Amino acid sequence: MAEALRLLPVTARQALTQASQAADRQVCEGRVARRVRALLASRTVPGGRVPCAYFTTVMGDRVTWGPDFTVAPADEDPPDLRYPQTTATPVPAGRLTEPEGDAALVEALNELAAIEEPADSEVLCVHLGSNTVTRVTD
């Protein structure tokens with residue numbers, strides 16, 4: 001396999017790398033969406049509307065997505081998560097009763113951040129109705 005890859009032109013190897021990264025991102029985004037859906041299964045959203053979960057960044061050895069998230073109905077404007085006086089209510093994923101699930105969420109968020117490191121002011125939006133994951137910048 002390694003020999004076959006060495007024989008490929010540079011453009012073909014770059015295309016394979018890009019396709020692999022896109023597939024990795026898609027897998028990680030799906031894992032994040034499934035875990036958030038599982039964590040919210042026992043919670044109600046006002047009016048029964050489809051929720052979006054919003055993750056902010058945390059600083060450590062590197063910038064990554066934090067495991068606690070905020071939920072808002074998808075048909076409302078995203079909450080402003082940049083300021084401490086926000087009216088959004090965080091969901092403390094780290095304090096739920098399923099530590100193995102929380103570890104899966106943290107792992108998926110870290111893998112997603114490793115593929116493309118978030119900027120400090122970015123917010124990750126997980127739309128649970130369409131299973132889409134997008135990055136929101138200000």
# chains A, B, ... in the order shown; residues from 1 in each chain; ligands from 1

$ residues_around --residues "Arg49 of chain A" --least-positions-apart "6" --cutoff "12 Å" --atoms "only C-alpha atoms" --output "PyMOL selection string"
chain A and resi 43+71-76+127-129

$ closest_residue --among "A:Leu5, A:Ala19, A:Ala113, A:Leu124" --to "Cys52 of chain A" --atoms "only C-alpha atoms"
A:Leu124

$ atom_distance --atom1 "atom CA of Thr64 of chain A" --atom2 "atom CA of Glu117 of chain A"
6.7 Å

$ closest_residue --among "A:Thr56, A:Gln14, A:Gln21, A:Thr137" --to "Thr70 of chain A" --atoms "only C-alpha atoms"
A:Thr56

$ closest_residue --among "A:Ser121, A:Thr57, A:Thr132, A:Arg35" --to "Asp102 of chain A" --atoms "only C-alpha atoms"
A:Arg35

$ atom_distance --atom1 "atom CA of Cys125 of chain A" --atom2 "atom CA of Tyr54 of chain A"
4.7 Å

$ atom_distance --atom1 "atom CA of Asp77 of chain A" --atom2 "atom CA of Phe55 of chain A"
15.1 Å

$ closest_residue --among "A:Arg37, A:Glu111, A:Ala12, A:Val32" --to "Val50 of chain A" --atoms "only C-alpha atoms"
A:Arg37

$ residues_around --residues "Gly30 of chain A" --least-positions-apart "6" --cutoff "10 Å" --atoms "only C-alpha atoms" --output "NGL selection string"
:A and (24 or 36 or 108 or 126 or 131-133)

$ closest_residue --among "A:Val136, A:Cys28, A:Val63, A:Val106" --to "Pro118 of chain A" --atoms "only C-alpha atoms"
A:Val63

$ closest_residue --among "A:Leu8, A:Ala103, A:Ile115, A:Val123" --to "Ser20 of chain A" --atoms "only C-alpha atoms"
A:Ile115
